[in-house]
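Chemist: Below you'll find the structure I mean.
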Amino acid sequence: MIQDFLSSWPLFHDIYLTGWLAAAALSLIGVPVVARSQIFAGAALSEASTLGIALAMWASALLGASAPAWMESDAFLSAVAVLLSVGASLLASGRAGPGRERREAMTAWIFLLGAAGSILIVSRSPHGLDEVQRLLSSSIIGATAADAWIFGGLFAAAAAALLLGRNTVLLWMVDPPMAAAAGVPVRALEFGFSVLLGLAVGLAIRASGMLYTFGALVLPALAARTVAREIRTMLVLTPTLALGCAVAGFVIANHLDFPPSQLTITLLCAAVPAGAVAARMRHRSPA
Amino acid sequence: MTPARPSTPGAHAPGLRALDARADQPLLEASGVSLGYAERTVLSDVNFTIRQGEYWFFLGPNGAGKSTLLRSILGGIPARSGLIRRRPDIASPDRLGYVPQRCELNPTLPTTMREFVSLGLAGIRGAEPGRLAWALERANLRGMERRDYWSLSGGQRQRAMLARALIRRPALFIVDEPTTGLDPPSADLLMRSIDELHTAERLTTIFVTHDLPLAAKHATHVALFLEGTIHAGPADQVLVPPLLERAYGLPIELHLHHHTDERSAP
């Protein structure tokens with residue numbers, strides 16, 4: 001199986017690296033999402049990004065032959081996806097109004113608008129509908145070396161912020177009122193994180209699709225929190241788990257000729273109850 | 001005005017603050033302060049002076065403005081008029097210790113006592129080793145560093161919040177209704193921890209509560225919130241039946257356990 005995988009490396013290494021680095025970056029950024037009980041926001045942002053891509057394709061199709069070349073490029077699709085994702089992230093972060101209920105209502109609104117709007121906009125265009133369906137079902141085929149660099153950079157940026165901020169970022173993440181009282185710039189961190197989250201999801205949608213993006217964002221943190229004893233451990237365990245499942249998923253998928261994104265997400269889904277069982281067994285065993 | 005107490009033996013232990021020349025200056029002073037939200041004025045003409053080592057209780061019915069004033073002291077709400085002055089050495093938030101009413105931590109997140117209390121070091125660079133052990137000791141939580149936070153009782157969690165505020169080595173300690181929801185033994189243990197901090201460390205404390213007997217037992221000074229302002233001063237001058245009746249609409253008589261001078265004088 002390993003030999004099969006290694007032989008496919010020269011042809012698909014950009015795709016593999018993009019998938020792995022995207023999983024690592026999204027999972028690390030997903031820790032605050034899970035810690036702050038904003039899991040559904042990940043799905044809403046993915047839908048908003050998909051709507052962005054649909055809008056970009058519609059704009060390009062509207063202009064037809066007179067559309068400039070840059071409007072047909074992947075960079076343009078990604079830019080519009082990122083734009084909508086960042087905007088949605090800022091709205092869903094609660095800056096639109098106080099209270100968890102209002103934030104959840106906003107998240108649901110973004111999700112539904114993204115889901116309905118992205119299909120409606122491209123429903124008359126066979127190519128557009130195919131593209132949106134590809135994004136929803138998650139295919140990582142087509143990722144490039146640039147995508148790998150982007151997710152590597154995002155992972156490095158998120159890890160550096162956590163390392164440099166340490167207690168400050170952790171306190172903001174788990175107890176914002178207390179952080180504000182301690183002089184932590186809560187609003188600035190909130191804004192910065194919303195932008196980072198929107199950027200990561202917006203970029204990941206184009207490269208890996210909605211299922212992979214949403215799954216890699218929340219599942220590793222959900223699994224890690226069942227096993228870890230501390231939030232700091234969770235921060236290390238989460239990207240490790242994401243990377244481990246992504247590598248295993250891609251190797252097995254290559255051997256069995258399964259779609260790698262779906263297999264990786266299935267492995268991550270299995271890691272959540274497996275982690276809970278492991279934690280329960282640890283509690284039962286004598287110290 | 002309370003004169004400074006001279007340094008005590010052990011004043012170099014991690015949690016102790018040797019008094020300095022500034023100790024005779026007020027730690028916190030509000031003069032003519034008005035606070036509110038949007039069009040609504042919550043408090044006006046607020047005046048008080050808090051000095052080193054005093055034990056203040058903020059008392060008043062719901063909606064009287066206690067939390068608003070607390071938020072303003074913590075820097076969350078600017079005064080509409082007037083001024084809240086902090087002594088220069090506590091101008092930075094790292095010299096304030098705040099224990100909120102409840103912990104916002106997501107109960108599905110894993111954490112230990114050690115990690116939870118260490119989060120209190122947010123924004124403080126180069127904290128010396130030994131702060132964690134000292135804070136746990138002062139909160140009566142010694143030896144529980146590795147305990148799972150979620151396996152603790154309600155009283156222990158409340159004392160963990162106390163330790164999280166103490167690890168900042170605050171000069172001003174603000175505690176917001178910490179005994180709410182605790183059974184009497186847990187509330188008593190928590191109060192003993194706070195009381196010990198005040199007496200042994202001369203830690204200036206602001207305690208927000210609805211518990212009048214608790215205030216009568218512990219307070220050196222009281223700020224009573226009534227009719228859109230506060231009446232502030234030594235406990236024996238504020239916890240008097242006419243003012244209490246105006247604040248709560250009921251005849252209330254309290255027996256003061258401590259005299260102001262006993263608690264705050266050197």
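Labeling convention for the structure tokens: chains A, B, ... as they appear, residues from 1 per chain, ligands from 1 in order of appearance.
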For Trp56 in chain B, work out the shell of residues within 6 Å, counting only C-alpha atoms and skipping chain neighbours fewer than 2 positions away, then give it as an MDAnalysis selection string.

Modeler: chainID B and resid 205:206 219 221:222

Chemist: Please identify every residue of chain B that has at least one atom no more than 6 Å from any atom of chain A, counting only C-alpha atoms, and report them as a list of chain:residue names.

Modeler: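 Applying the cut-off to the listed atoms yields B:Leu74, B:Pro93, B:Glu104, B:Leu105, B:Pro110, B:Thr111, B:Leu119, B:Ala122, B:Gly123.
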
Chemist: Please identify all polymer residues within 6 Å of Glu47 in chain A, counting only C-alpha atoms, omitting same-chain residues fewer than 6 positions from it, and present them as a ChimeraX atom specification.

Modeler: /A:111,114-115

Chemist: Compile the contact shell of Arg131 in chain B as a list in words: residues with an atom at most 7 Å away, counting only C-alpha atoms, same-chain residues fewer than 3 positions apart removed.

Modeler: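 Residues near the query, excluding close chain neighbours: Pro14, Glu128, Trp134, Ala135 and Ile167 of chain B.
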
Chemist: Name all residues at most 12 Å from Ala133 in chain B (count only C-alpha atoms; drop same-chain ones fewer than 5 positions away) and give them as a list in words.

Modeler: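 Neighbouring residues, sequence-local ones excluded: Ala13, Pro14, Gly15, Met113, Arg114, Val117, Ser118, Glu128, Arg138, Ala139, Asn140, Leu141, Arg142, Gly143, Met144, Glu145, Arg146, Ala163, Arg164, Leu166 and Ile167 of chain B.
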
Chemist: If we count only C-alpha atoms, what is near Thr238 in chain A at a cut-off of 9 Å, once residues fewer than 2 positions away on the same chain are taken out, given as a list in words?

Modeler: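 Residues meeting the cut-off are Ala24, Ser27, Leu28, Gly30, Val31, Leu219, Pro220, Ala221, Leu222, Ala223, Ala224, Arg225, Thr233, Met234, Leu235, Val236, Thr240, Leu241, Ala242 and Leu243 of chain A.
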
Chemist: I need the residues from that last selection saved to file as a PDB file, in the first residue's frame (with N, CA and C atoms), if you can.

Modeler:
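Written out: out_1.pdb:
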ATOM      1  N   ALA A  24      -4.044  20.445   8.504  1.00  0.00           N
ATOM      2  CA  ALA A  24      -3.317  20.933   9.692  1.00  0.00           C
ATOM      3  C   ALA A  24      -3.719  22.376  10.015  1.00  0.00           C
ATOM      4  N   SER A  27      -7.468  22.674  11.082  1.00  0.00           N
ATOM      5  CA  SER A  27      -7.729  22.077  12.396  1.00  0.00           C
ATOM      6  C   SER A  27      -7.255  22.996  13.518  1.00  0.00           C
ATOM      7  N   LEU A  28      -6.088  23.611  13.336  1.00  0.00           N
ATOM      8  CA  LEU A  28      -5.565  24.504  14.382  1.00  0.00           C
ATOM      9  C   LEU A  28      -6.467  25.735  14.530  1.00  0.00           C
ATOM     10  N   GLY A  30      -9.454  25.712  13.871  1.00  0.00           N
ATOM     11  CA  GLY A  30     -10.739  25.204  14.374  1.00  0.00           C
ATOM     12  C   GLY A  30     -10.794  25.059  15.886  1.00  0.00           C
ATOM     13  N   VAL A  31      -9.639  25.084  16.550  1.00  0.00           N
ATOM     14  CA  VAL A  31      -9.670  24.925  18.025  1.00  0.00           C
ATOM     15  C   VAL A  31     -10.477  26.046  18.696  1.00  0.00           C
ATOM     16  N   LEU A 219     -13.633  18.580  13.148  1.00  0.00           N
ATOM     17  CA  LEU A 219     -13.524  17.209  13.672  1.00  0.00           C
ATOM     18  C   LEU A 219     -12.254  16.953  14.476  1.00  0.00           C
ATOM     19  N   PRO A 220     -11.060  17.411  14.029  1.00  0.00           N
ATOM     20  CA  PRO A 220      -9.866  17.115  14.835  1.00  0.00           C
ATOM     21  C   PRO A 220      -9.955  17.717  16.240  1.00  0.00           C
ATOM     22  N   ALA A 221     -10.461  18.927  16.354  1.00  0.00           N
ATOM     23  CA  ALA A 221     -10.579  19.548  17.686  1.00  0.00           C
ATOM     24  C   ALA A 221     -11.616  18.809  18.534  1.00  0.00           C
ATOM     25  N   LEU A 222     -12.718  18.368  17.896  1.00  0.00           N
ATOM     26  CA  LEU A 222     -13.730  17.620  18.639  1.00  0.00           C
ATOM     27  C   LEU A 222     -13.158  16.306  19.168  1.00  0.00           C
ATOM     28  N   ALA A 223     -12.323  15.653  18.349  1.00  0.00           N
ATOM     29  CA  ALA A 223     -11.702  14.389  18.790  1.00  0.00           C
ATOM     30  C   ALA A 223     -10.653  14.655  19.858  1.00  0.00           C
ATOM     31  N   ALA A 224      -9.834  15.672  19.645  1.00  0.00           N
ATOM     32  CA  ALA A 224      -8.732  15.955  20.581  1.00  0.00           C
ATOM     33  C   ALA A 224      -9.248  16.350  21.960  1.00  0.00           C
ATOM     34  N   ARG A 225     -10.362  17.047  22.017  1.00  0.00           N
ATOM     35  CA  ARG A 225     -10.834  17.506  23.332  1.00  0.00           C
ATOM     36  C   ARG A 225     -11.330  16.342  24.190  1.00  0.00           C
ATOM     37  N   THR A 233      -2.645  20.884  25.561  1.00  0.00           N
ATOM     38  CA  THR A 233      -2.424  19.571  24.935  1.00  0.00           C
ATOM     39  C   THR A 233      -3.314  19.453  23.704  1.00  0.00           C
ATOM     40  N   MET A 234      -4.526  19.951  23.845  1.00  0.00           N
ATOM     41  CA  MET A 234      -5.482  19.896  22.731  1.00  0.00           C
ATOM     42  C   MET A 234      -4.938  20.653  21.520  1.00  0.00           C
ATOM     43  N   LEU A 235      -4.250  21.757  21.787  1.00  0.00           N
ATOM     44  CA  LEU A 235      -3.704  22.557  20.690  1.00  0.00           C
ATOM     45  C   LEU A 235      -2.612  21.820  19.917  1.00  0.00           C
ATOM     46  N   VAL A 236      -1.901  20.933  20.597  1.00  0.00           N
ATOM     47  CA  VAL A 236      -0.863  20.138  19.915  1.00  0.00           C
ATOM     48  C   VAL A 236      -1.500  18.922  19.258  1.00  0.00           C
ATOM     49  N   THR A 240      -2.001  17.402  14.990  1.00  0.00           N
ATOM     50  CA  THR A 240      -1.332  16.102  14.835  1.00  0.00           C
ATOM     51  C   THR A 240      -2.341  15.067  14.343  1.00  0.00           C
ATOM     52  N   LEU A 241      -3.495  15.092  14.971  1.00  0.00           N
ATOM     53  CA  LEU A 241      -4.562  14.152  14.598  1.00  0.00           C
ATOM     54  C   LEU A 241      -5.041  14.425  13.169  1.00  0.00           C
ATOM     55  N   ALA A 242      -5.200  15.694  12.849  1.00  0.00           N
ATOM     56  CA  ALA A 242      -5.661  16.064  11.502  1.00  0.00           C
ATOM     57  C   ALA A 242      -4.667  15.577  10.453  1.00  0.00           C
ATOM     58  N   LEU A 243      -3.404  15.823  10.726  1.00  0.00           N
ATOM     59  CA  LEU A 243      -2.355  15.424   9.785  1.00  0.00           C
ATOM     60  C   LEU A 243      -2.295  13.904   9.676  1.00  0.00           C
TER      61      LEU A 243
END

Chemist: Neighbouring residues of range 155-159 of chain B were defined as those with any atom within 12 Å, considering only C-alpha atoms; residues of the same chain fewer than 2 positions away were excluded. Please report them as number ranges by chain.

Modeler: B: 99-103, 105, 111-113, 116-117, 135-142, 144, 147-153, 161-166, 175-194

Chemist: Just asking: which residues within range 43-245 of chain B are strand (DSSP E) according to DSSP, as a count of residues only?

Modeler: 45
